[in-house]
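Notes follow once the structure below has been shown.
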Amino acid sequence: MSIKTKLSAIIFGSVLLILGLNLMFNMYATRDNLRAESESNMEMVAKQIAVSVEQSRYSSNYVEHQIAQNLHMAAILAAGELPEDIADVDNAELQRLSQKLGVTNISLLVKTEGDVKVARSSDPKEIGLSTKSWGFWYTAFLQLFEKRNVSIEQGQRMEHFWSGPFEYSSSNPEYIEKWGYYYDGKRNYLIDPYIRSTSISDYVRIMSPNEIVEQMKEANPRILEITGFNPNTFGTDTMEADGEDRVNSKLRNKPIKYGTYRYGNVTEDKAAIQNVLDYKEPYTMETTVRGEKVLKSFIPVTEPTLGTYVIAVVMNYNAISAVVKDQLLNNLSISLLLLAFFFLLSYVLAGFITRPIQAILAKVNDVARGNFEPPLNVRSRDELGQLSLRINAMTRNLMQHTSRLGQTLEENRAVKEHLESVINGTSDAIHTVDMEGRIISVNRAFEELYGWSAEEVIGQRPLLVPDSVRFQEDTRLEDLKRGEQLPPLETIRLKRDGTIVEVSISSSVIRDEEGHPQSVIHVSRDMTERNRMEELLRRSEKLTTVGQLAAGVAHEIRNPLTTLRGFLQLQQEKKVLVPLHVELMLSELERINLIVSEFLILAKPQAVHFQSKDVRYILSDVVSLLDSQAHLYGIEFVADFSSVPGTVHCEENQLKQVFINIMKNAIEAMPSGGKITIQQSIEEAFVRIVISDQGQGIPEEMLPKLGEPFFTNKETGTGLGLMISQRIIQAHKGTMEIQSEVGRGTSVIIKLPAGDLLKQDKGEEASPEA
């Protein structure tokens, strides 16, 4: 098929489409206009009915108010004759009193546990009635009993009195009654005089909107039905298909407030009513009821006394359909004539349009084959001329981009080769895995470290992570996926031969443009040699420490040994036993014994038993032990303990040794007296103890040396006490920090894990470090 024929067909088809759309739009526009007019009429009818109903409601309210005033007066007169205790009232007296006051009956209501019931009545059918399910009636009763003003909008309110609206009787449903309720606070019951009369029932029926509804239907024959819906009870399980409800049968809760319900579908209508209430706008739908197509409109109506309810107007759809059909036939005749004319015209126009298109098509074919020259010859400035200009510009751009793409391709190839050489040349093992754990790429260092070749592991899941660190690795991967930046991790991995290698792993996630993780790159560094060197360094440091301890012990013991030797030589020469010399020698021997004992405590492992203890009691015992010594120096202990138990898993005697060492140091640091403050608190998962003195303090340059063996600022000290205390706190998985300021005093801060955080059972022996 030639371009000319196609173009002619396109023009003809376009005209046909336009005419078809025009017919369709006209049909829909006509139908929509008629429907909009019908909706407007139905909405106007609904508003007229609503206004008429409201006017009749005002008349009804006036009558209700007059009757309520009479009931109010009757209730006040009844209160003057009835005793204040309901136990003193009988039903016969109520019958006599109702005849005297000119009311039908009098009932007395009492408040019980969770209910208000009729306890006495001149009508035996009323006795025992429960009002808990009466809605706003029950609320009004409770407010009267509480001596509050009744807040219910329905009915009439007066002083100590409320009268409900006209309603069907609960004990005699065939009657419509008017009730009044009075409570003056002097008695234990409500007084309820009410009037039951056929006149009231006839009046309510006369004032009903049903008469107005029928008049509206007679004035507009197209209206098939008008219905007033109660949204609160319509569509409940107890409602019948015709709108009758054996449970909600009162004037205030009937599903159909007025009108009829013959053209209805309960499910559809309930949904439509809810839509109207949600959006506060009329809602119209087309439906078929009883084999007849109808237009049903739901209009929301708000009344001051009734609140919001819905009026539905059902209108016959036949009139709309007839008008739409006539309009469609007229438009169809005109469209057929226009089609014949445009068919001939399209064939002529197609010949003029296709000539430049042929030239453009030939040029496009040349460009597709890679021939960019020569450019098109542009003779006009219309759309086809503009198209030819753009094709020429496109051809020039394609030539430039093709050249640039060739250059970029060469540059990318060079960069890729450079990156591959860098990755393969690094000493760190690099491998990339997808999100399911399959290896995507590896470098040469990976093959050397783990023993797998690239061909063996690409697309596979080799066992690199031992089971012992599997949970740790899975946790790290989840953290990486969430976007966390993790530091390098020293861990272990498996080689191909099953041996363990110590490595430092750095991992990062590669994400796509939308931020979704696509793969993970791992960089492994062999840490075996470095860890071996660090172990040798640690051993060297231990030997250095042992040498320092040995030198210190030798130095500390040499001085008292020299003194002992001098006194022994002197007594040997004089052949005389001098008691003073003996006493001095015994003192030096005791000093040597103290140094050796503390050194043994530091070096020899001791088997201890950890138990859960309250550190407050341990501190109290130490304070009691040192209190007498503190008084000799004029020192006062000030304790500040938390109100909750500070339970720690510990060896009690060792902690006492630590606290005694620290408090004795504090006492010796305050020769002029002062206060030693002991604070204990709970800080997150730790028990915190702070022991502060008011001594001279420790110079800043001496603080780093505290805890070293035989370093002390006391004349008779060895420096081992603080070192032993630090070892004990470390064995309890805690920390000890010393803060001091010259002239202001020193504070020792100890933190111990609270509760069972040490993960040691009762009676378990501590490790040798303890």
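By order in the structure tokens, chains are A, B, ...; within a chain, residues start at 1; ligands start at 1, following the order shown.
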
### Query
When DSSP works through the backbone of this structure, what residues of range 440-492 of chain A end up as helix (DSSP H, G or I), shown as a ChimeraX atom specification?
/A:444-450,454-457,467-481

With a distance cut-off of 8 Å and only C-alpha atoms, select the neighbouring residues of Lys178 in chain A, excluding the residue or stretch itself and same-chain residues fewer than 5 positions from it, and output the selection as a PDB file with N, CA, C and O atoms, in the first residue's frame.
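That gives us part07.pdb:
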ATOM      1  N   GLU A  64     -45.333  20.024  71.861  1.00  0.00           N
ATOM      2  CA  GLU A  64     -44.588  19.241  72.853  1.00  0.00           C
ATOM      3  C   GLU A  64     -44.207  20.103  74.051  1.00  0.00           C
ATOM      4  O   GLU A  64     -44.237  19.652  75.200  1.00  0.00           O
ATOM      5  N   ILE A  67     -47.198  20.581  76.342  1.00  0.00           N
ATOM      6  CA  ILE A  67     -47.481  19.373  77.133  1.00  0.00           C
ATOM      7  C   ILE A  67     -46.402  19.182  78.199  1.00  0.00           C
ATOM      8  O   ILE A  67     -46.685  18.761  79.337  1.00  0.00           O
ATOM      9  N   ALA A  68     -45.130  19.495  77.852  1.00  0.00           N
ATOM     10  CA  ALA A  68     -44.033  19.340  78.811  1.00  0.00           C
ATOM     11  C   ALA A  68     -44.234  20.244  80.019  1.00  0.00           C
ATOM     12  O   ALA A  68     -43.939  19.861  81.156  1.00  0.00           O
ATOM     13  N   SER A 163     -38.256  16.514  79.568  1.00  0.00           N
ATOM     14  CA  SER A 163     -39.342  15.783  78.910  1.00  0.00           C
ATOM     15  C   SER A 163     -38.858  15.302  77.557  1.00  0.00           C
ATOM     16  O   SER A 163     -38.346  16.096  76.751  1.00  0.00           O
ATOM     17  N   GLY A 164     -38.975  14.004  77.313  1.00  0.00           N
ATOM     18  CA  GLY A 164     -38.539  13.445  76.045  1.00  0.00           C
ATOM     19  C   GLY A 164     -39.520  13.747  74.930  1.00  0.00           C
ATOM     20  O   GLY A 164     -40.661  14.150  75.159  1.00  0.00           O
ATOM     21  N   PRO A 165     -39.083  13.580  73.675  1.00  0.00           N
ATOM     22  CA  PRO A 165     -39.973  13.850  72.537  1.00  0.00           C
ATOM     23  C   PRO A 165     -41.079  12.807  72.435  1.00  0.00           C
ATOM     24  O   PRO A 165     -41.056  11.781  73.126  1.00  0.00           O
ATOM     25  N   PHE A 166     -42.061  13.075  71.560  1.00  0.00           N
ATOM     26  CA  PHE A 166     -43.089  12.076  71.294  1.00  0.00           C
ATOM     27  C   PHE A 166     -42.429  10.771  70.884  1.00  0.00           C
ATOM     28  O   PHE A 166     -41.494  10.749  70.091  1.00  0.00           O
ATOM     29  N   GLU A 167     -42.939   9.650  71.435  1.00  0.00           N
ATOM     30  CA  GLU A 167     -42.337   8.357  71.105  1.00  0.00           C
ATOM     31  C   GLU A 167     -43.328   7.248  71.409  1.00  0.00           C
ATOM     32  O   GLU A 167     -44.244   7.416  72.233  1.00  0.00           O
ATOM     33  N   TYR A 194     -46.715  10.829  82.715  1.00  0.00           N
ATOM     34  CA  TYR A 194     -46.774  10.816  81.265  1.00  0.00           C
ATOM     35  C   TYR A 194     -48.234  10.726  80.810  1.00  0.00           C
ATOM     36  O   TYR A 194     -49.124  10.335  81.563  1.00  0.00           O
ATOM     37  N   ILE A 195     -48.418  11.132  79.539  1.00  0.00           N
ATOM     38  CA  ILE A 195     -49.766  11.187  78.951  1.00  0.00           C
ATOM     39  C   ILE A 195     -49.814  10.206  77.798  1.00  0.00           C
ATOM     40  O   ILE A 195     -48.971  10.246  76.887  1.00  0.00           O
ATOM     41  N   ARG A 196     -50.767   9.309  77.841  1.00  0.00           N
ATOM     42  CA  ARG A 196     -50.996   8.338  76.775  1.00  0.00           C
ATOM     43  C   ARG A 196     -52.403   8.591  76.231  1.00  0.00           C
ATOM     44  O   ARG A 196     -53.388   8.448  76.939  1.00  0.00           O
TER      45      ARG A 196
END

#### Entry: Surrounding residues of Glu478 in chain A excluding itself and chain neighbours under 3 positions, 12 Å, only C-alpha atoms, as an MDAnalysis selection string
chainID A and resid 435 471:475 481:486 507:509 517 520

Create the file for the chosen residues now, containing N, CA and C atoms and written as a PDB file, in the first residue's frame.
ATOM      1  N   MET A 435      24.377 -10.667  46.417  1.00  0.00           N
ATOM      2  CA  MET A 435      23.618 -10.653  47.667  1.00  0.00           C
ATOM      3  C   MET A 435      23.213 -12.055  48.114  1.00  0.00           C
ATOM      4  N   PHE A 471      27.841 -16.246  62.776  1.00  0.00           N
ATOM      5  CA  PHE A 471      26.858 -15.277  63.278  1.00  0.00           C
ATOM      6  C   PHE A 471      27.423 -13.860  63.221  1.00  0.00           C
ATOM      7  N   GLN A 472      28.696 -13.713  63.585  1.00  0.00           N
ATOM      8  CA  GLN A 472      29.335 -12.400  63.535  1.00  0.00           C
ATOM      9  C   GLN A 472      29.342 -11.849  62.111  1.00  0.00           C
ATOM     10  N   GLU A 473      29.659 -12.701  61.122  1.00  0.00           N
ATOM     11  CA  GLU A 473      29.704 -12.261  59.736  1.00  0.00           C
ATOM     12  C   GLU A 473      28.316 -11.885  59.223  1.00  0.00           C
ATOM     13  N   ASP A 474      27.297 -12.689  59.574  1.00  0.00           N
ATOM     14  CA  ASP A 474      25.925 -12.371  59.146  1.00  0.00           C
ATOM     15  C   ASP A 474      25.464 -11.045  59.730  1.00  0.00           C
ATOM     16  N   THR A 475      25.817 -10.792  60.978  1.00  0.00           N
ATOM     17  CA  THR A 475      25.440  -9.530  61.617  1.00  0.00           C
ATOM     18  C   THR A 475      26.091  -8.345  60.914  1.00  0.00           C
ATOM     19  N   LYS A 481      24.142  -3.616  54.921  1.00  0.00           N
ATOM     20  CA  LYS A 481      22.974  -3.392  54.068  1.00  0.00           C
ATOM     21  C   LYS A 481      22.150  -2.206  54.549  1.00  0.00           C
ATOM     22  N   ARG A 482      22.137  -1.977  55.873  1.00  0.00           N
ATOM     23  CA  ARG A 482      21.388  -0.838  56.417  1.00  0.00           C
ATOM     24  C   ARG A 482      22.119   0.488  56.234  1.00  0.00           C
ATOM     25  N   GLY A 483      23.327   0.446  55.650  1.00  0.00           N
ATOM     26  CA  GLY A 483      24.050   1.676  55.364  1.00  0.00           C
ATOM     27  C   GLY A 483      25.071   2.067  56.409  1.00  0.00           C
ATOM     28  N   GLU A 484      25.362   1.221  57.398  1.00  0.00           N
ATOM     29  CA  GLU A 484      26.340   1.560  58.417  1.00  0.00           C
ATOM     30  C   GLU A 484      27.759   1.413  57.861  1.00  0.00           C
ATOM     31  N   GLN A 485      28.668   2.279  58.346  1.00  0.00           N
ATOM     32  CA  GLN A 485      30.069   2.208  57.986  1.00  0.00           C
ATOM     33  C   GLN A 485      30.808   1.457  59.096  1.00  0.00           C
ATOM     34  N   LEU A 486      31.367   0.288  58.779  1.00  0.00           N
ATOM     35  CA  LEU A 486      31.991  -0.569  59.781  1.00  0.00           C
ATOM     36  C   LEU A 486      33.507  -0.520  59.642  1.00  0.00           C
ATOM     37  N   SER A 507      34.876  -4.496  54.544  1.00  0.00           N
ATOM     38  CA  SER A 507      33.753  -4.800  53.646  1.00  0.00           C
ATOM     39  C   SER A 507      32.973  -3.538  53.348  1.00  0.00           C
ATOM     40  N   SER A 508      32.447  -3.459  52.146  1.00  0.00           N
ATOM     41  CA  SER A 508      31.576  -2.343  51.765  1.00  0.00           C
ATOM     42  C   SER A 508      30.554  -2.840  50.748  1.00  0.00           C
ATOM     43  N   VAL A 509      29.393  -2.153  50.709  1.00  0.00           N
ATOM     44  CA  VAL A 509      28.287  -2.549  49.852  1.00  0.00           C
ATOM     45  C   VAL A 509      28.281  -1.694  48.588  1.00  0.00           C
ATOM     46  N   PRO A 517      21.155  -2.445  47.598  1.00  0.00           N
ATOM     47  CA  PRO A 517      22.418  -3.186  47.578  1.00  0.00           C
ATOM     48  C   PRO A 517      22.428  -4.237  46.464  1.00  0.00           C
ATOM     49  N   VAL A 520      28.652  -7.096  47.483  1.00  0.00           N
ATOM     50  CA  VAL A 520      29.516  -6.723  48.607  1.00  0.00           C
ATOM     51  C   VAL A 520      30.947  -7.038  48.212  1.00  0.00           C
TER      52      VAL A 520
END

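Residues of range 488-534 of chain A that DSSP places in strand (DSSP E), based on the backbone of this structure, are Leu489, Glu490, Thr491, Ile492, Arg493, Leu494, Ile500, Val501, Glu502, Val503, Ser504, Ile505, Ser506, Ser507, Ser508, Val509, Ile510, Arg511, Pro517, Gln518, Ser519, Val520, Ile521, His522, Val523, Ser524, Arg525 and Asp526 of chain A.
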
Sort by chain and increasing residue number a table of all residues of range 600-657 of chain A within 12 Å of range 685-706 of chain A, each with its closest pair of atoms and their distance in Å to one decimal, counting only C-alpha atoms, and write it as a Markdown table.
| residue | atom | partner | partner_atom | distance |
| --- | --- | --- | --- | --- |
| A:Lys613 | CA | A:Val687 | CA | 11.7 |
| A:Asp614 | CA | A:Val687 | CA | 9.9 |
| A:Val615 | CA | A:Val687 | CA | 8.3 |
| A:Arg616 | CA | A:Ile689 | CA | 9.5 |
| A:Ile618 | CA | A:Ile689 | CA | 11.5 |
| A:Leu619 | CA | A:Ile689 | CA | 9.4 |
| A:Val623 | CA | A:Ile691 | CA | 11.4 |
| A:Ile635 | CA | A:Asp693 | CA | 9.7 |
| A:Glu636 | CA | A:Asp693 | CA | 10.2 |
| A:Phe637 | CA | A:Asp693 | CA | 9.5 |
| A:Val638 | CA | A:Ser692 | CA | 9.8 |
| A:Ala639 | CA | A:Ile691 | CA | 9.4 |
| A:Asp640 | CA | A:Val690 | CA | 9.7 |
| A:Phe641 | CA | A:Ile689 | CA | 9.0 |
| A:Ser642 | CA | A:Val687 | CA | 9.9 |
| A:Val644 | CA | A:Val687 | CA | 10.8 |
| A:Pro645 | CA | A:Val687 | CA | 9.5 |
| A:Gly646 | CA | A:Val687 | CA | 6.0 |
| A:Thr647 | CA | A:Val687 | CA | 7.7 |
| A:Val648 | CA | A:Val687 | CA | 7.5 |
| A:His649 | CA | A:Val687 | CA | 10.8 |
| A:Leu655 | CA | A:Ile689 | CA | 11.7 |

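Restricting the calculation to only C-alpha atoms, the smallest distance between Pro282 in chain A and any of A:Glu490, A:Glu43, A:Glu417, A:Glu211 is found for A:Glu43.
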
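Atom to atom, CA of Ile430 in chain A and CA of Glu410 in chain A stand 26.4 Å apart.
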